[in-house]
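Structure first, then comments.
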Amino acid sequence: MFRQKLSRLLAAAAAGALVALPLASTGATAVEYRGDGVTAWSTAEVADQAAADQVLTWTANAGVSAYASAPATATAGAATVVFENSVATGNNIGMSHTLTFDTSTPGYNHDVTLDILANPLDNNGGRYEAEVVLTPGTYRYFCAIPGHGTMVGELVVTEGPGEDTTAPVVTAQVAGQQDADGAYIGSATVSLAAEDDSSGVASVEYSVDGGAYVPYTEPVVLDQPGMYMLEHRATDNAGNTSDPGTVHVVVVAADGEDTTAPVVTPEITGELNDDGAYVGSTTVNLTALDAGSGVATVEYDVDGAGYATYTGPVVVDTPGEHTVAYRATDNAGNTSQPGSATFTVVEPSAEDTTPPTVTTQVTGEQDGGGAYIASATVAVLAEDAGTGVAGVEYNLDGAGYVAYTAPVVVDVTGPHRLLYRATDNAGNTSPPGSVELVVVGGSDPPDRTPPIASAQVDGEQDELGAYIDSATVSISARDDESGVAFIEYALSDTAFREYTGPFDVTGSGAHELRYRATDNAGNVTRTGTLRFSVSREGIDACPVSDERPTVIISDVDSKVANVDTGNGCTVADLIDADGPWVSHTAFVSHVGQVTDRLSTAGVLTTRQADKLVAAAKRSDVGR
């Protein structure tokens, strides 16, 4: 459907209408198409995007103070933008309006660069559509026609429904006869259950004693005396896997004499300093297991003071080196050999939790309204009575925080907002403060907008879209601020060179044109790409050809026969999956154009063309 809409828009451009196509899947600059004999177009940034679920409509009439209607809110994601300035919307005097998205004012989203000019008398009747992708935040739009400056508004975009990122919840239940110590006599049966309220549970797995995970299909029976550790996890249909859960089980023999002492494991926790000492205190946890008759008692001894019964975690908070000994006895009277753990406790240092204090001072000559004439200087001062100031940062007009090293001179005409903050050596950061000021009679705002560049190919074409004998390449660029400095291009694998005027390409075969423009402020456009082929009678356009029986795009077999298209090139040659594609979107768009031409020429059926486009979308070309 997108290719059909693109064809309609290009047909309108050929008839003399100005059309703006948003490249919203990448947030790239829009390309303008005019009815000036264009016979080929750039494919580098045309989005391969199905019609959006949400349609946002702007209308204009004969007034110049506001749009007749405009949306106020939208949901993040794909959207169809409709702009209509027609007799039907109340414009019966032929007045032009634009729908232009702001790409420079701080505080707004700048990833949609849409600029549509509509007039009730143009070939589209003043109605245009474009596909965009919106991100959360606020967009500013306006009419760029002189004298229409109050036609301005904002579009607030909120998050859409999110994907499933929550893993399943797994529970375990152990069944069996237990003795007084909780050990299972003879055997234990472990049952697992998993729940997922979003995409649903796909699988459950378990592992016994660190072994490999295996699928859980029925309750797990543990029937040999010993200590077991069973880990479990589950994965949902969105691919989210839960963190492993653990069940500890002790199975004892149903009868027989127990001659094996318990096993005791210590765990020491607390805050460690750089020297490995515990700051303030440490906690000792003891765990005893016995696979025979079960654990009867656990004992501990701190620094030789004598054994005491262990009933819970032991806290040691006296500064110095300490040794904790431990042992356990089972119900058959077997006592383990004493184990021990040695550690050091040190006094905690006073903690700095207070951020620095930050103040500012603005100086400069002011007029009667408080505005600063020509420039203002902002000094930022920070103090910290604890660990001291580590750094100061400022953010001017939303440009992002940078280190403050000297007073900031603001000399650009207009309103400004400077944010500031400071961090101390303990990592405490002050809340942002702000200073707002106005400068009059200063310098003009710098040009940060790159030029708009476009390219076209002219010449006689055959039924497959190849240019016969030669193709003429023209490149143009426009910059409304500092002006275009120069245009560059590179043909196929050659280096970039300066463009001085239209040139002919006579070499037989496929060609790739890359082009870019630089303005007088040093801003450079994104590199555009235009692909075309030249066919010369009696010359094989593809001497080194992909002759595989079916068209294979990367590792995706389309199952479409890889036939010769009539000039020595196979279908796979024209698709050119191994080319230097700048994005996956650009490649898929290119495949759509190639298959459209081959379908029109009778080389492919419509079904075969659709299968090739589907294979291109599944491939990893350009990703």
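Letters for chains follow the order of the structure tokens (A, B, ...), residue numbers begin at 1 for each chain, and ligand numbers begin at 1 in the order shown.
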
- Query: Hey, what's within 12 Å of Ser69 of chain A if we count only C-alpha atoms and toss same-chain stuff fewer than 4 positions away? As a list in words, please?
  - Reply: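 So, after excluding close chain neighbours, the residues are Leu56, Thr57, Trp58, Thr59, Ala60, Asn61, Gly63, Ser65, Val82, Phe83, Glu84, Asn85, Thr89, Gly90, Leu99, Met151, Val152 and Gly153 of chain A.
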
- Message: Show me, as a PyMOL selection string, the residues that have an atom within 8 Å of Val302 of chain A when counting only C-alpha atoms, minus same-chain residues fewer than 6 positions from it.
- Response: chain A and resi 322-325

- When DSSP works through the backbone of this structure, what residues of segment 79-172 of chain A end up as strand (DSSP E), shown as JSON, numbers by chain? {"A": [79, 80, 81, 82, 83, 84, 97, 98, 99, 100, 101, 115, 116, 117, 118, 127, 128, 129, 130, 131, 132, 133, 134, 137, 138, 139, 140, 141, 142, 152, 153, 154, 155, 156, 157, 158, 169, 170, 171, 172]}

- Message: Report as a ChimeraX atom specification all protein, DNA and RNA residues lying within 8 Å of segment 602-614 of chain A, evaluated on only C-alpha atoms, omitting residues in the same chain fewer than 6 positions from it.
- Response: /A:551,558,560,565,588,591-592,595-596

Please write the residues from the selection above to a file, keeping N, CA and C atoms, as a tab-separated table (two decimals), in the first residue's frame.
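Final output, saved to again.tsv:
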chain	number	residue	atom	x	y	z
A	551	VAL	N	15.89	-16.61	-6.45
A	551	VAL	CA	16.39	-15.35	-5.90
A	551	VAL	C	16.56	-15.52	-4.40
A	558	SER	N	13.57	-16.72	-1.60
A	558	SER	CA	12.23	-16.25	-1.97
A	558	SER	C	11.42	-17.31	-2.72
A	560	VAL	N	11.41	-17.65	-5.79
A	560	VAL	CA	11.07	-17.07	-7.10
A	560	VAL	C	12.21	-17.37	-8.07
A	565	THR	N	16.54	-10.94	-17.15
A	565	THR	CA	15.55	-9.89	-17.38
A	565	THR	C	15.59	-9.33	-18.79
A	588	VAL	N	14.59	-2.34	1.25
A	588	VAL	CA	13.25	-2.88	0.97
A	588	VAL	C	12.53	-1.98	-0.04
A	591	VAL	N	13.84	-2.78	-3.49
A	591	VAL	CA	13.29	-4.03	-4.01
A	591	VAL	C	11.88	-3.81	-4.53
A	592	GLY	N	11.08	-3.00	-3.81
A	592	GLY	CA	9.74	-2.70	-4.28
A	592	GLY	C	9.73	-2.01	-5.63
A	595	THR	N	10.88	-4.64	-8.41
A	595	THR	CA	9.85	-5.62	-8.74
A	595	THR	C	8.66	-4.98	-9.44
A	596	ASP	N	8.35	-3.72	-9.12
A	596	ASP	CA	7.28	-3.02	-9.85
A	596	ASP	C	7.64	-2.92	-11.34

- Task: Find the spatial neighbours of segment 432-446 of chain A, counting only C-alpha atoms, within a cut-off of 12 Å - ignore same-chain residues fewer than 5 positions away - and output them as a PyMOL selection string.
- Result: chain A and resi 104-105+355-382+392-398+401+408-423+481-482+520-523

- Of the residues A:Asn92, A:Glu488, A:Phe503, A:Ala68, which is the one nearest to Gly459 of chain A, using only C-alpha atoms?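 Residue with the minimum atom-to-atom distance to Gly459 of chain A: A:Phe503.
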